[in-house]
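**Student:** File name coords05.cif; file contents mmCIF, C-alpha atoms and all ligand atoms; full text below.
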data_protein
#
loop_
_atom_site.label_atom_id
_atom_site.label_comp_id
_atom_site.auth_asym_id
_atom_site.auth_seq_id
_atom_site.Cartn_x
_atom_site.Cartn_y
_atom_site.Cartn_z
CA MET D 1 -3.88 48.69 32.96
CA LEU D 2 -6.05 45.90 31.59
CA GLU D 3 -5.02 44.57 28.22
CA PRO D 4 -7.61 45.46 25.59
CA HIS D 5 -9.76 42.46 24.69
CA ARG D 6 -8.30 40.77 21.64
CA GLU D 7 -10.69 38.75 19.54
CA LYS D 8 -9.32 35.40 18.35
CA ARG D 9 -8.63 35.30 14.65
CA LEU D 10 -10.77 32.17 14.28
CA ARG D 11 -13.15 30.87 16.92
CA VAL D 12 -15.11 27.68 16.29
CA GLU D 13 -17.64 26.57 18.87
CA GLY D 14 -19.95 23.60 18.89
CA LEU D 15 -19.41 22.91 15.19
CA ASN D 16 -21.50 20.06 13.81
CA ALA D 17 -21.40 18.97 10.19
CA PHE D 18 -23.30 16.62 7.94
CA TYR D 19 -23.07 14.84 4.61
CA GLY D 20 -26.77 14.22 3.96
CA ASP D 21 -27.94 11.96 6.80
CA SER D 22 -24.41 11.29 7.95
CA HIS D 23 -23.49 13.37 11.01
CA VAL D 24 -19.68 13.63 11.00
CA LEU D 25 -18.70 16.51 13.32
CA HIS D 26 -20.11 16.48 16.83
CA GLY D 27 -19.30 19.82 18.44
CA ILE D 28 -15.79 20.87 17.42
CA ASP D 29 -14.35 23.65 19.61
CA LEU D 30 -11.11 25.31 18.60
CA HIS D 31 -9.52 28.68 18.07
CA VAL D 32 -6.59 30.12 16.18
CA GLU D 33 -4.82 33.29 17.28
CA ARG D 34 -3.60 35.94 14.85
CA GLY D 35 -0.39 34.78 13.19
CA GLU D 36 -0.60 31.29 14.66
CA LEU D 37 0.05 28.06 12.81
CA VAL D 38 -2.22 25.36 14.18
CA THR D 39 -2.59 21.79 12.97
CA LEU D 40 -5.47 19.36 13.03
CA LEU D 41 -4.15 15.86 13.64
CA GLY D 42 -6.07 12.62 13.72
CA ARG D 43 -6.52 9.27 12.08
CA ASN D 44 -8.17 8.74 8.69
CA GLY D 45 -11.84 9.62 8.81
CA ALA D 46 -11.55 11.52 12.12
CA GLY D 47 -13.12 14.67 10.67
CA LYS D 48 -10.16 16.94 9.88
CA THR D 49 -11.06 17.72 6.26
CA SER D 50 -14.71 18.07 7.22
CA THR D 51 -13.71 20.68 9.82
CA LEU D 52 -12.01 22.79 7.14
CA ARG D 53 -14.97 22.33 4.80
CA ALA D 54 -17.43 23.29 7.53
CA VAL D 55 -15.45 26.43 8.42
CA MET D 56 -15.51 27.35 4.73
CA GLY D 57 -19.26 26.69 4.51
CA LEU D 58 -18.81 23.94 1.92
CA ILE D 59 -20.88 21.35 3.80
CA GLU D 60 -24.01 21.58 5.89
CA ARG D 61 -23.04 22.71 9.37
CA ARG D 62 -24.36 24.01 12.67
CA GLY D 63 -22.54 25.86 15.41
CA GLU D 64 -20.50 29.00 15.58
CA VAL D 65 -17.66 30.09 13.28
CA ARG D 66 -16.23 33.57 13.89
CA LEU D 67 -13.38 35.28 12.13
CA ASP D 68 -12.08 38.45 13.83
CA GLY D 69 -15.41 38.50 15.65
CA ALA D 70 -17.54 38.38 12.49
CA ASP D 71 -20.13 35.62 12.45
CA LEU D 72 -19.57 33.40 9.39
CA SER D 73 -21.84 30.59 10.54
CA ARG D 74 -24.62 31.24 8.09
CA LEU D 75 -22.69 32.62 5.13
CA PRO D 76 -22.12 30.80 1.83
CA PRO D 77 -18.52 29.98 0.80
CA HIS D 78 -18.05 32.91 -1.60
CA LYS D 79 -18.98 35.39 1.14
CA ILE D 80 -16.71 33.62 3.65
CA ALA D 81 -13.84 33.92 1.16
CA ARG D 82 -14.31 37.71 1.15
CA TYR D 83 -13.19 37.77 4.77
CA GLY D 84 -9.78 36.61 3.55
CA ILE D 85 -10.00 32.89 4.24
CA GLY D 86 -8.37 30.80 1.51
CA TYR D 87 -8.93 27.05 1.30
CA VAL D 88 -6.43 24.74 -0.40
CA PRO D 89 -8.20 21.37 -0.68
CA GLU D 90 -6.41 18.06 -0.79
CA GLU D 91 -7.41 17.61 -4.43
CA ARG D 92 -5.56 20.85 -5.37
CA GLY D 93 -7.86 21.86 -8.24
CA ILE D 94 -5.37 23.55 -10.52
CA PHE D 95 -6.16 24.05 -14.22
CA SER D 96 -4.30 21.27 -15.98
CA SER D 97 -4.60 22.78 -19.47
CA LEU D 98 -3.03 26.08 -18.38
CA ASP D 99 0.62 26.73 -17.64
CA VAL D 100 1.91 27.79 -14.23
CA THR D 101 1.84 31.54 -14.92
CA GLU D 102 -1.65 31.33 -16.42
CA ASN D 103 -2.86 29.44 -13.35
CA LEU D 104 -1.42 32.24 -11.23
CA LEU D 105 -3.02 35.01 -13.26
CA LEU D 106 -6.50 33.52 -13.07
CA PRO D 107 -7.61 33.85 -9.43
CA PRO D 108 -9.60 36.97 -8.68
CA GLN D 109 -8.40 39.33 -5.99
CA ILE D 110 -10.90 39.13 -3.16
CA LYS D 111 -9.03 41.25 -0.65
CA PRO D 112 -6.25 43.82 -1.10
CA GLY D 113 -2.76 42.48 -0.45
CA GLY D 114 -2.67 39.53 -2.84
CA MET D 115 0.87 38.48 -3.72
CA SER D 116 2.31 39.40 -7.10
CA VAL D 117 3.48 36.63 -9.42
CA GLU D 118 7.08 37.75 -8.70
CA GLU D 119 6.56 37.41 -4.95
CA ILE D 120 5.10 33.97 -5.49
CA TYR D 121 8.07 32.89 -7.58
CA ALA D 122 10.39 34.13 -4.83
CA LEU D 123 8.46 32.00 -2.33
CA PHE D 124 8.35 28.92 -4.58
CA PRO D 125 11.50 28.96 -6.76
CA ASN D 126 10.51 25.57 -8.26
CA LEU D 127 7.43 27.13 -9.76
CA LYS D 128 9.48 29.87 -11.38
CA GLU D 129 11.57 27.25 -13.17
CA ARG D 130 8.34 25.65 -14.40
CA ALA D 131 6.56 28.91 -15.28
CA ASP D 132 5.74 27.81 -18.85
CA SER D 133 4.87 24.20 -18.06
CA GLN D 134 1.33 23.01 -18.40
CA GLY D 135 -0.49 21.87 -15.24
CA THR D 136 -0.53 18.25 -16.42
CA LYS D 137 3.28 18.22 -16.73
CA LEU D 138 3.92 19.27 -13.14
CA SER D 139 5.06 16.87 -10.44
CA GLY D 140 2.83 16.30 -7.42
CA GLY D 141 4.95 18.69 -5.37
CA GLU D 142 4.82 21.41 -8.02
CA GLN D 143 1.04 21.01 -8.26
CA GLN D 144 0.78 21.37 -4.51
CA MET D 145 2.89 24.52 -4.54
CA LEU D 146 0.77 25.93 -7.37
CA ALA D 147 -2.44 25.19 -5.46
CA MET D 148 -1.10 27.13 -2.47
CA ALA D 149 0.29 29.90 -4.66
CA ARG D 150 -3.06 30.48 -6.35
CA ILE D 151 -4.71 31.16 -3.01
CA LEU D 152 -1.95 33.62 -2.10
CA ARG D 153 -2.81 35.63 -5.21
CA THR D 154 -6.33 36.30 -3.89
CA GLY D 155 -5.26 38.33 -0.86
CA ALA D 156 -6.39 35.68 1.62
CA ASP D 157 -4.42 36.02 4.85
CA PHE D 158 -5.98 33.09 6.70
CA LEU D 159 -5.08 29.79 5.07
CA LEU D 160 -6.85 26.45 5.46
CA LEU D 161 -4.41 23.87 4.10
CA ASP D 162 -5.39 20.23 3.69
CA GLU D 163 -2.60 17.64 3.75
CA VAL D 164 -0.15 19.67 1.71
CA THR D 165 2.61 17.09 2.20
CA GLU D 166 0.63 13.98 1.26
CA GLY D 167 2.48 11.66 -1.08
CA LEU D 168 5.41 14.05 -1.59
CA ALA D 169 9.13 13.34 -1.41
CA PRO D 170 11.02 14.52 1.71
CA VAL D 171 12.94 17.18 -0.21
CA ILE D 172 9.68 18.72 -1.50
CA ILE D 173 8.08 18.51 1.95
CA GLU D 174 11.09 20.43 3.23
CA GLN D 175 10.55 23.19 0.62
CA ILE D 176 6.85 23.43 1.44
CA GLY D 177 7.77 23.70 5.13
CA ILE D 178 10.12 26.58 4.34
CA ALA D 179 7.41 28.37 2.32
CA ILE D 180 4.89 27.92 5.13
CA GLY D 181 7.44 29.31 7.61
CA LEU D 182 7.96 32.39 5.40
CA LEU D 183 4.19 32.91 5.16
CA LYS D 184 3.99 32.78 8.93
CA GLU D 185 6.73 35.40 9.15
CA ARG D 186 4.67 37.59 6.84
CA GLY D 187 1.81 37.41 9.33
CA PHE D 188 -0.40 34.75 7.75
CA THR D 189 -2.59 32.71 10.09
CA ILE D 190 -2.71 29.04 9.13
CA LEU D 191 -4.87 26.06 10.03
CA LEU D 192 -3.28 22.94 8.59
CA VAL D 193 -4.63 19.40 8.36
CA GLU D 194 -1.69 17.06 8.56
CA GLN D 195 -1.05 13.32 8.87
CA ASN D 196 2.72 13.76 8.88
CA PHE D 197 3.36 14.40 12.57
CA PRO D 198 7.14 14.95 12.29
CA PHE D 199 6.44 17.70 9.74
CA ALA D 200 3.60 19.20 11.80
CA SER D 201 5.66 19.23 14.98
CA ARG D 202 8.50 21.13 13.28
CA ILE D 203 6.37 23.99 12.02
CA ALA D 204 3.28 24.38 14.23
CA ASP D 205 2.62 26.42 17.36
CA ARG D 206 -0.19 24.15 18.55
CA HIS D 207 -1.94 20.92 17.61
CA TYR D 208 -5.51 19.78 18.03
CA VAL D 209 -6.23 16.06 17.91
CA ILE D 210 -9.56 15.13 16.33
CA GLU D 211 -11.27 11.81 16.84
CA ASN D 212 -14.78 10.82 15.79
CA GLY D 213 -15.71 14.39 14.93
CA ARG D 214 -14.58 15.91 18.25
CA VAL D 215 -11.46 17.63 19.57
CA VAL D 216 -10.01 15.18 22.10
CA ASP D 217 -6.68 16.84 22.87
CA MET D 218 -4.69 20.03 22.42
CA VAL D 219 -0.92 20.22 22.65
CA ALA D 220 1.25 23.33 22.37
CA ARG D 221 4.71 23.20 20.78
CA ASP D 222 6.49 23.68 24.12
CA GLU D 223 4.55 20.77 25.69
CA LEU D 224 5.69 18.26 23.09
CA GLY D 225 8.71 17.18 25.13
CA ALA D 226 6.84 17.01 28.47
CA PRO D 227 6.46 13.65 30.22
CA GLY D 228 3.56 11.59 28.95
CA VAL D 229 2.69 13.85 26.01
CA SER D 230 4.22 11.73 23.28
CA GLU D 231 2.52 8.61 24.74
CA ARG D 232 -0.78 10.51 24.73
CA LEU D 233 -0.35 11.53 21.08
CA HIS D 234 0.77 8.04 20.20
CA SER D 235 -2.44 6.62 21.63
CA PHE D 236 -4.53 8.98 19.50
CA LEU D 237 -2.51 8.95 16.31
CA GLY D 238 -0.41 5.83 16.40
CA VAL D 239 2.71 7.99 15.85
N1 LIG Z 1 -18.41 13.33 0.71
C1 LIG Z 1 -18.69 12.60 1.78
N2 LIG Z 1 -19.89 11.98 1.91
C2 LIG Z 1 -20.18 11.23 3.00
N3 LIG Z 1 -19.35 11.05 4.03
C3 LIG Z 1 -18.16 11.65 3.97
C4 LIG Z 1 -17.75 12.44 2.85
N4 LIG Z 1 -16.50 12.90 3.08
C5 LIG Z 1 -16.14 12.40 4.28
N5 LIG Z 1 -17.12 11.67 4.82
C6 LIG Z 1 -17.10 10.97 6.12
O1 LIG Z 1 -16.91 11.95 7.11
C7 LIG Z 1 -16.08 11.45 8.15
C8 LIG Z 1 -14.92 12.42 8.35
O2 LIG Z 1 -14.14 12.42 7.16
P1 LIG Z 1 -12.97 13.46 6.89
O3 LIG Z 1 -12.58 13.37 5.46
O4 LIG Z 1 -13.35 14.79 7.44
O5 LIG Z 1 -11.82 12.86 7.79
P2 LIG Z 1 -10.29 13.19 7.84
O6 LIG Z 1 -9.94 13.25 9.28
O7 LIG Z 1 -9.99 14.40 7.02
O8 LIG Z 1 -9.64 11.91 7.23
P3 LIG Z 1 -8.83 11.68 5.86
O9 LIG Z 1 -7.43 11.97 6.20
O10 LIG Z 1 -9.08 10.25 5.59
O11 LIG Z 1 -9.42 12.61 4.84
C9 LIG Z 1 -15.64 10.06 7.73
O12 LIG Z 1 -16.46 9.14 8.39
C10 LIG Z 1 -15.91 10.04 6.25
O13 LIG Z 1 -16.22 8.75 5.81
#
Here is a file; write its structure as structure tokens.

**Tutor:**
Amino acid sequence: MLEPHREKRLRVEGLNAFYGDSHVLHGIDLHVERGELVTLLGRNGAGKTSTLRAVMGLIERRGEVRLDGADLSRLPPHKIARYGIGYVPEERGIFSSLDVTENLLLPPQIKPGGMSVEEIYALFPNLKERADSQGTKLSGGEQQMLAMARILRTGADFLLLDEVTEGLAPVIIEQIGIAIGLLKERGFTILLVEQNFPFASRIADRHYVIENGRVVDMVARDELGAPGVSERLHSFLGV
């Protein structure tokens, strides 16, 4: 019997994006399967963040973006969010005057299934210890965890994460990796921009390499050890 056709969770085809006159993405093609954890790798300025922003509808874009078959290409960000896509930008955007619990109580539920504050504290024990601390008093790692946690409150089950390990100590990166692994076990689908290749290679199922606004390579986890692959990645990333 033929397998029923399964729509990709996210399918991006021919995605172009612009900042005013500046044309920064030149036909990105990629897909993410249900429950997959996929990274976007590439040098500074390659177009990784812009890809997440274009998927989310935050910058001017052309091309096709489909989630579970639904066409998101022409929708504004707040409508895209209703499909359960949650974006955690590099700049985190937590409320510095509010404490951790208040930050967690603020996000609206946009889809059923948002995590309770208790579930979030089980996922990020550091945040539980800092529940009453104001946003400004948190370390970089705690702020990053809070930024992720806030999105989990909304019910989003497709996460766009931008450089969640940037500037953080190895022990914190390790904790974030564990949390991401648990989210994957719970069935979340994740597209992660990452500069830290050792981290990305430990947690991801597949990697796309972006260069000058295009996908120039795709490597699956089980290909990482194959002859020539690390040289190929090295040439693109300098890793
Ligand atoms: N707000 C903006 N206005 C104009 N150009 C921008 C803006 N943000 C990014 N760009 C340009 O878009 C291109 C892609 O940048 P992008 O931030 O997507 O790259 P990146 O791969 O995420 O790199 P980085 O890790 O440095 O953020 C770069 O040439 C960058 O200079």

**Student:** I need the residue nearest Glu64 of chain D from this list: D:Ile203, D:Leu30, D:Ala147, D:Leu224. Use only C-alpha atoms for the distance.

**Tutor:**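 Going through D:Ile203, D:Leu30, D:Ala147, D:Leu224 one by one, the smallest distance to Glu64 of chain D is for D:Leu30.
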
**Student:** Kindly work out which residues sit at most 9 Å from ligand LIG 1 (chain Z), using only C-alpha atoms and all ligand atoms, and give the list as a ChimeraX atom specification.

**Tutor:** /D:17-25,40-53,59,90,162-163,193-195,210-213

**Student:** For atom CA of His78 of chain D and atom CA of His31 of chain D, quote the distance in Å rounded to one decimal.

**Tutor:**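 Spanning atom CA of His78 of chain D to atom CA of His31 of chain D is a straight-line distance of 21.9 Å.
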
**Student:** For Glu7 of chain D, which residue out of D:Gly167, D:Gly69, D:Gly181, D:Pro125 is the nearest one, using all atoms listed in the file?

**Tutor:**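 Nearest candidate to Glu7 of chain D out of D:Gly167, D:Gly69, D:Gly181, D:Pro125: D:Gly69.
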
**Student:** Quick one: distance from atom CA of Val100 of chain D to atom CA of Ser133 of chain D in Å, one decimal?

**Tutor:** 6.0 Å

**Student:** Could you name the residues that touch Asn16 of chain D at 7 Å or less, counting only C-alpha atoms, but leaving out those on the same chain fewer than 5 positions away, as JSON, numbers by chain?

**Tutor:** {"D": [25, 26, 27, 28, 61, 62, 63]}

**Student:** For Ile178 of chain D, which residue among D:Val88, D:Arg202, D:Val12, D:Val215 is the nearest when counting all atoms listed in the file?

**Tutor:**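 Among the listed residues, D:Arg202 lies closest to Ile178 of chain D.
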
**Student:** Skipping near chain neighbours, those fewer than 5 positions away, what residues fall within 9 Å of Met145 of chain D using only C-alpha atoms, listed as a ChimeraX atom specification?

**Tutor:** /D:124,126-127,140,150,164,176

**Student:** Quick one, how far is atom CA of Leu67 of chain D from atom CA of Arg221 of chain D?

**Tutor:**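 Result for atom CA of Leu67 of chain D versus atom CA of Arg221 of chain D: 23.4 Å, one decimal.
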
**Student:** For Arg214 of chain D, which residue out of D:Ile110, D:Ala122, D:Leu10, D:Leu15 is the nearest one, using only C-alpha atoms?

**Tutor:**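 Selected residue with least distance to Arg214 of chain D: D:Leu15.
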
**Student:** Nearest to Pro170 of chain D among D:Val219, D:Leu106, D:Met115, D:Gly141, with distances taken over only C-alpha atoms: which residue is it?

**Tutor:** D:Gly141

**Student:** Would you mind telling me which residue in D:Ala200, D:Ile180, D:Val65, D:Ile80 lies nearest to Arg9 of chain D when using only C-alpha atoms?

**Tutor:**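 Among the listed residues, D:Val65 lies closest to Arg9 of chain D.
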